[in-house]
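Note: the block below is work.cif and it holds mmCIF, C-alpha atoms.
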data_coords
#
loop_
_atom_site.label_atom_id
_atom_site.label_comp_id
_atom_site.auth_asym_id
_atom_site.auth_seq_id
_atom_site.Cartn_x
_atom_site.Cartn_y
_atom_site.Cartn_z
CA GLY A 22 0.00 0.00 0.00
CA GLU A 23 0.85 3.67 -0.17
CA SER A 24 3.16 4.99 2.55
CA VAL A 25 1.38 8.17 3.53
CA GLY A 26 4.02 9.31 5.96
CA LEU A 27 7.34 7.59 6.39
CA HIS A 28 8.62 9.87 9.13
CA LEU A 29 5.48 10.95 10.90
CA PRO A 30 5.19 11.17 14.67
CA THR A 31 3.60 7.97 15.91
CA LEU A 32 1.24 7.39 18.77
CA SER A 33 1.17 3.76 19.93
CA VAL A 34 -1.74 2.62 22.08
CA GLN A 35 -3.19 -0.62 23.34
CA GLU A 36 -6.53 -1.76 22.04
CA GLY A 37 -9.25 -0.49 24.32
CA ASP A 38 -7.29 2.50 25.59
CA ASN A 39 -8.23 6.08 24.80
CA SER A 40 -6.11 7.98 22.26
CA ILE A 41 -5.39 11.68 22.13
CA ILE A 42 -3.90 13.19 18.99
CA ASN A 43 -2.78 16.79 19.13
CA CYS A 44 -2.43 19.47 16.50
CA ALA A 45 -1.21 23.05 16.55
CA TYR A 46 -2.72 25.29 13.91
CA SER A 47 -1.17 28.39 12.47
CA ASN A 48 -3.75 31.00 11.61
CA SER A 49 -5.80 32.80 14.25
CA ALA A 50 -8.30 33.80 11.53
CA SER A 51 -9.18 30.18 10.75
CA ASP A 52 -12.85 29.64 11.52
CA TYR A 53 -13.41 25.95 11.00
CA PHE A 54 -11.39 22.85 11.73
CA ILE A 55 -11.58 19.30 10.47
CA TRP A 56 -10.02 16.00 11.44
CA TYR A 57 -9.38 13.46 8.70
CA LYS A 58 -8.33 9.81 8.89
CA GLN A 59 -6.20 8.38 6.12
CA GLU A 60 -5.55 4.68 5.72
CA SER A 61 -2.67 3.45 3.62
CA GLY A 62 -3.29 3.91 -0.10
CA LYS A 63 -6.61 5.71 0.38
CA GLY A 64 -7.90 9.24 0.36
CA PRO A 65 -8.52 11.14 3.63
CA GLN A 66 -11.85 10.37 5.27
CA PHE A 67 -13.78 13.01 7.20
CA ILE A 68 -14.07 12.21 10.92
CA ILE A 69 -15.36 15.26 12.74
CA ASP A 70 -15.34 19.02 12.47
CA ILE A 71 -15.69 21.99 14.78
CA ARG A 72 -16.42 25.66 14.25
CA SER A 73 -14.37 28.35 15.91
CA ASN A 74 -17.31 29.44 18.11
CA MET A 75 -17.21 26.07 19.89
CA ASP A 76 -14.60 24.51 22.15
CA LYS A 77 -15.81 20.92 22.15
CA ARG A 78 -17.75 18.64 19.86
CA GLN A 79 -18.54 14.96 20.26
CA GLY A 80 -19.22 12.27 17.73
CA GLN A 81 -19.39 8.53 17.92
CA ARG A 82 -16.31 7.53 19.99
CA VAL A 83 -14.54 10.75 18.96
CA THR A 84 -14.31 14.16 20.58
CA VAL A 85 -12.60 17.24 19.22
CA LEU A 86 -11.38 19.98 21.54
CA LEU A 87 -10.44 23.45 20.36
CA ASN A 88 -8.35 25.91 22.35
CA LYS A 89 -8.20 29.13 20.38
CA THR A 90 -6.04 30.87 22.97
CA VAL A 91 -3.08 28.66 22.19
CA LYS A 92 -4.23 27.61 18.70
CA HIS A 93 -4.46 23.96 19.63
CA LEU A 94 -6.75 21.21 18.45
CA SER A 95 -7.03 17.68 19.76
CA LEU A 96 -8.82 14.53 18.71
CA GLN A 97 -9.79 12.03 21.37
CA ILE A 98 -10.73 8.50 20.36
CA ALA A 99 -12.41 6.39 23.01
CA ALA A 100 -11.83 2.64 23.30
CA THR A 101 -9.37 2.58 20.43
CA GLN A 102 -9.75 -0.34 18.05
CA PRO A 103 -7.34 -1.92 15.54
CA GLY A 104 -9.43 -0.39 12.75
CA ASP A 105 -8.49 3.04 14.05
CA SER A 106 -4.88 2.51 12.96
CA ALA A 107 -4.21 5.18 10.33
CA VAL A 108 -2.66 8.59 9.83
CA TYR A 109 -4.73 11.43 11.27
CA PHE A 110 -4.60 14.95 9.86
CA CYS A 111 -6.00 18.13 11.26
CA ALA A 112 -6.95 20.85 8.82
CA GLU A 113 -7.77 24.49 9.46
CA ASN A 114 -10.14 26.27 7.14
CA TYR A 115 -8.85 29.65 6.15
CA ARG A 116 -10.72 31.87 3.72
CA PRO A 117 -8.42 34.19 1.82
CA GLY A 118 -10.35 35.93 -0.92
CA GLY A 119 -13.64 34.21 -0.14
CA TYR A 120 -12.82 30.60 -0.94
CA ASN A 121 -12.23 27.79 1.52
CA LYS A 122 -8.54 26.94 1.81
CA LEU A 123 -7.67 23.95 3.92
CA ILE A 124 -4.23 24.04 5.54
CA PHE A 125 -3.18 20.57 6.61
CA GLY A 126 -0.88 19.49 9.37
CA ALA A 127 1.78 16.89 8.59
CA GLY A 128 -0.22 14.15 10.31
CA THR A 129 0.17 11.71 13.19
CA ARG A 130 0.30 7.97 12.75
CA LEU A 131 -1.85 6.03 15.23
CA ALA A 132 -0.74 2.44 15.81
CA VAL A 133 -3.15 0.26 17.81
CA HIS A 134 -1.71 -2.89 19.34
CA PRO A 135 -3.84 -5.86 20.45
CA ASP B 3 -14.95 8.13 -0.76
CA GLY B 4 -18.36 9.76 -0.95
CA GLY B 5 -19.18 9.83 -4.67
CA ILE B 6 -15.78 11.06 -5.83
CA THR B 7 -13.89 8.81 -8.20
CA GLN B 8 -10.35 9.12 -9.43
CA SER B 9 -8.67 7.16 -12.18
CA PRO B 10 -6.38 5.51 -12.69
CA LYS B 11 -5.36 4.28 -9.24
CA TYR B 12 -1.76 3.86 -10.39
CA LEU B 13 -0.10 5.73 -13.24
CA PHE B 14 3.39 5.49 -14.63
CA ARG B 15 4.92 8.25 -16.69
CA LYS B 16 8.07 8.44 -18.71
CA GLU B 17 10.28 11.49 -18.58
CA GLY B 18 8.98 14.25 -20.87
CA GLN B 19 5.41 12.96 -21.08
CA ASN B 20 2.25 14.75 -20.11
CA VAL B 21 -0.33 12.69 -18.25
CA THR B 22 -3.90 13.45 -17.23
CA LEU B 23 -5.52 12.34 -13.99
CA SER B 24 -9.27 12.03 -13.91
CA CYS B 25 -11.58 13.23 -11.13
CA GLU B 26 -15.37 12.89 -11.24
CA GLN B 27 -17.96 13.65 -8.57
CA ASN B 28 -21.69 12.94 -8.46
CA LEU B 29 -22.35 14.97 -5.33
CA ASN B 30 -23.51 18.07 -7.20
CA HIS B 31 -20.71 20.02 -5.50
CA ASP B 32 -19.74 23.38 -6.94
CA ALA B 33 -16.12 23.44 -5.80
CA MET B 34 -13.37 20.99 -6.66
CA TYR B 35 -9.72 20.81 -5.63
CA TRP B 36 -6.48 19.02 -6.47
CA TYR B 37 -3.87 18.24 -3.84
CA ARG B 38 -0.50 16.62 -3.90
CA GLN B 39 0.74 14.45 -1.03
CA ASP B 40 4.36 13.50 -0.44
CA PRO B 41 5.60 11.16 2.33
CA GLY B 42 5.92 12.89 5.69
CA GLN B 43 4.01 15.95 4.55
CA GLY B 44 0.47 17.18 4.65
CA LEU B 45 -1.55 17.88 1.53
CA ARG B 46 -0.59 20.81 -0.66
CA LEU B 47 -3.08 22.59 -2.91
CA ILE B 48 -2.34 22.55 -6.65
CA TYR B 49 -5.47 24.05 -8.22
CA TYR B 50 -9.04 24.71 -7.24
CA SER B 51 -12.25 25.55 -9.04
CA GLN B 52 -15.20 27.32 -7.49
CA ILE B 53 -17.55 27.02 -10.47
CA VAL B 54 -17.64 25.62 -13.97
CA ASN B 55 -15.28 27.27 -16.45
CA ASP B 56 -13.30 28.93 -13.67
CA PHE B 57 -10.21 27.77 -11.78
CA GLN B 58 -7.41 29.29 -9.74
CA LYS B 59 -3.84 28.36 -8.91
CA GLY B 60 -3.10 26.97 -5.50
CA ASP B 61 0.23 26.92 -3.69
CA ILE B 62 2.14 24.61 -6.06
CA ALA B 63 0.57 25.07 -9.51
CA GLU B 64 3.80 25.16 -11.54
CA GLY B 65 3.99 22.25 -13.98
CA TYR B 66 0.28 21.43 -13.71
CA SER B 67 -2.82 22.44 -15.65
CA VAL B 68 -6.56 21.86 -15.16
CA SER B 69 -9.88 22.40 -16.87
CA ARG B 70 -13.45 22.61 -15.57
CA GLU B 71 -15.77 22.23 -18.52
CA LYS B 72 -18.38 20.29 -16.55
CA LYS B 73 -19.52 20.60 -12.96
CA GLU B 74 -18.80 16.97 -12.20
CA SER B 75 -15.33 16.75 -13.76
CA PHE B 76 -11.99 18.38 -12.89
CA PRO B 77 -9.08 16.67 -14.71
CA LEU B 78 -5.49 17.45 -13.79
CA THR B 79 -2.66 17.33 -16.33
CA VAL B 80 0.85 16.83 -15.05
CA THR B 81 3.12 18.33 -17.67
CA SER B 82 6.74 17.66 -18.47
CA ALA B 83 7.55 20.98 -16.80
CA GLN B 84 6.80 19.47 -13.39
CA LYS B 85 10.26 18.55 -12.13
CA ASN B 86 9.32 16.07 -9.44
CA PRO B 87 5.89 14.66 -10.24
CA THR B 88 6.12 11.37 -8.34
CA ALA B 89 3.50 11.71 -5.60
CA PHE B 90 0.02 10.74 -4.47
CA TYR B 91 -2.61 13.01 -6.03
CA LEU B 92 -5.91 13.64 -4.29
CA CYS B 93 -9.01 15.27 -5.67
CA ALA B 94 -11.62 16.78 -3.37
CA SER B 95 -14.94 18.56 -3.65
CA SER B 96 -17.12 20.71 -1.43
CA PRO B 97 -20.69 21.98 -1.78
CA THR B 98 -19.49 25.53 -2.36
CA SER B 99 -16.21 27.25 -1.81
CA GLY B 100 -17.36 30.26 0.15
CA GLY B 101 -19.39 28.80 2.95
CA SER B 102 -17.70 29.02 6.29
CA THR B 103 -18.13 25.36 7.11
CA ASP B 104 -17.89 23.64 3.76
CA THR B 105 -16.20 20.33 4.34
CA GLN B 106 -14.01 18.99 1.59
CA TYR B 107 -14.51 15.33 0.72
CA PHE B 108 -11.74 13.37 -0.92
CA GLY B 109 -11.46 10.78 -3.64
CA PRO B 110 -9.35 7.61 -3.34
CA GLY B 111 -6.27 9.13 -4.98
CA THR B 112 -3.95 8.40 -7.89
CA ARG B 113 -0.39 7.31 -7.33
CA LEU B 114 1.85 8.77 -10.07
CA THR B 115 5.34 7.40 -10.57
CA VAL B 116 7.89 8.75 -13.05
CA LEU B 117 10.02 6.04 -14.58
#

Could you write out this structure as structure tokens?
Amino acid sequence: GESVGLHLPTLSVQEGDNSIINCAYSNSASDYFIWYKQESGKGPQFIIDIRSNMDKRQGQRVTVLLNKTVKHLSLQIAATQPGDSAVYFCAENYRPGGYNKLIFGAGTRLAVHP
Amino acid sequence: DGGITQSPKYLFRKEGQNVTLSCEQNLNHDAMYWYRQDPGQGLRLIYYSQIVNDFQKGDIAEGYSVSREKKESFPLTVTSAQKNPTAFYLCASSPTSGGSTDTQYFGPGTRLTVL
């Protein structure tokens, strides 16, 4: 399969544990944030999003936290499963000139061990 | 992959050749995007299109060209002027390009290798 990130930071967790993946974003004017999951050889898959007027949003087994003061975003995955193993990207939505520009982080590899 | 298809999945190009990557969406989205992904890096924007018959350069447009003759199609041509074209190419679309919370949805990608 495709090697999405050969030298990415890696988070290793045991199956069943909770995972926290962190991301620092760059632009204080960004108004919308998205987490994507990318499995080897595939395109990024939308997981969860959050608007800048919120500080927390929950989905199924996932929670995103936004701290605008320090420009920090985190993704929490509850009861991590082997199928969660992938590279996770945060993206900030910045709108120069009226179009949506996504700025992506380099990604974090999540490795789930049985 | 949400109604976005890319073809081919793997593409091999000889030095000096132009190649065209296909991207089609049946989501009725107005906006479409092309990204390039290299190992250890996030996605970088090549070109985007907000509406039919209009497109704009992204951050790394040199050596690439696009067209948007139909709403559902946004092909990318990698020209011989692109010095290092080996990469994973991702197409995305969003309902519009100006809404504050328009999520971009991605296709499965095309892996281009220069021989």

The PyMOL selection byres ((chain B) within 6 of (chain A)) applied to the shown file, residues as a PyMOL selection string: chain B and resi 41-45+99-100+108-111

Can you tell me, as lines of an AutoDock Vina configuration file, the centre and edge lengths (Å, one decimal) of the axis-aligned box enclosing all of segment 88-94 of chain A's listed atoms after padding each side by 3 Å?
center_x = -5.7
center_y = 26.0
center_z = 20.7
size_x = 11.3
size_y = 15.7
size_z = 10.5

Can you tell me which residues surround Gly18 of chain B at a distance of at most 10 Å, considering all atoms listed in the file, apart from same-chain residues fewer than 5 positions away, and format the answer as a list of chain:residue names?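 Neighbouring residues, sequence-local ones excluded: B:Thr81, B:Ser82, B:Ala83, B:Gln84, B:Lys85, B:Val116.
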
Decode the PyMOL selection byres ((chain A and resi 31-42) around 9) for the given file into explicit residues and return them as a PDB file with C-alpha atoms, in the coordinates of the input.
ATOM      1  CA  HIS A  28       8.620   9.870   9.130  1.00  0.00           C
ATOM      2  CA  LEU A  29       5.480  10.950  10.900  1.00  0.00           C
ATOM      3  CA  PRO A  30       5.190  11.170  14.670  1.00  0.00           C
ATOM      4  CA  ASN A  43      -2.780  16.790  19.130  1.00  0.00           C
ATOM      5  CA  CYS A  44      -2.430  19.470  16.500  1.00  0.00           C
ATOM      6  CA  LEU A  94      -6.750  21.210  18.450  1.00  0.00           C
ATOM      7  CA  SER A  95      -7.030  17.680  19.760  1.00  0.00           C
ATOM      8  CA  LEU A  96      -8.820  14.530  18.710  1.00  0.00           C
ATOM      9  CA  GLN A  97      -9.790  12.030  21.370  1.00  0.00           C
ATOM     10  CA  ILE A  98     -10.730   8.500  20.360  1.00  0.00           C
ATOM     11  CA  ALA A  99     -12.410   6.390  23.010  1.00  0.00           C
ATOM     12  CA  ALA A 100     -11.830   2.640  23.300  1.00  0.00           C
ATOM     13  CA  THR A 101      -9.370   2.580  20.430  1.00  0.00           C
ATOM     14  CA  GLN A 102      -9.750  -0.340  18.050  1.00  0.00           C
ATOM     15  CA  PRO A 103      -7.340  -1.920  15.540  1.00  0.00           C
ATOM     16  CA  VAL A 108      -2.660   8.590   9.830  1.00  0.00           C
ATOM     17  CA  TYR A 109      -4.730  11.430  11.270  1.00  0.00           C
ATOM     18  CA  THR A 129       0.170  11.710  13.190  1.00  0.00           C
ATOM     19  CA  ARG A 130       0.300   7.970  12.750  1.00  0.00           C
ATOM     20  CA  LEU A 131      -1.850   6.030  15.230  1.00  0.00           C
ATOM     21  CA  ALA A 132      -0.740   2.440  15.810  1.00  0.00           C
ATOM     22  CA  VAL A 133      -3.150   0.260  17.810  1.00  0.00           C
ATOM     23  CA  HIS A 134      -1.710  -2.890  19.340  1.00  0.00           C
ATOM     24  CA  PRO A 135      -3.840  -5.860  20.450  1.00  0.00           C
TER      25      PRO A 135
END

Point-to-point distance in Å for atom CA of Asn86 of chain B and atom CA of Tyr107 of chain B: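 Interatomic distance, atom CA of Tyr107 of chain B to atom CA of Asn86 of chain B: 25.9 Å.
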
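Of note, atom CA of His31 of chain B and atom CA of Arg70 of chain B are spaced 12.7 Å apart.
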
I want to know what sits within 7 Å of Tyr12 of chain B, based on all atoms listed in the file, with residues of the same chain fewer than 4 positions away left out; could you give that as a ChimeraX atom specification? /B:112-114

Interatomic distance between atom CA of Thr79 of chain B and atom CA of Ala107 of chain A?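 Atom CA of Ala107 of chain A lies 29.3 Å from atom CA of Thr79 of chain B.
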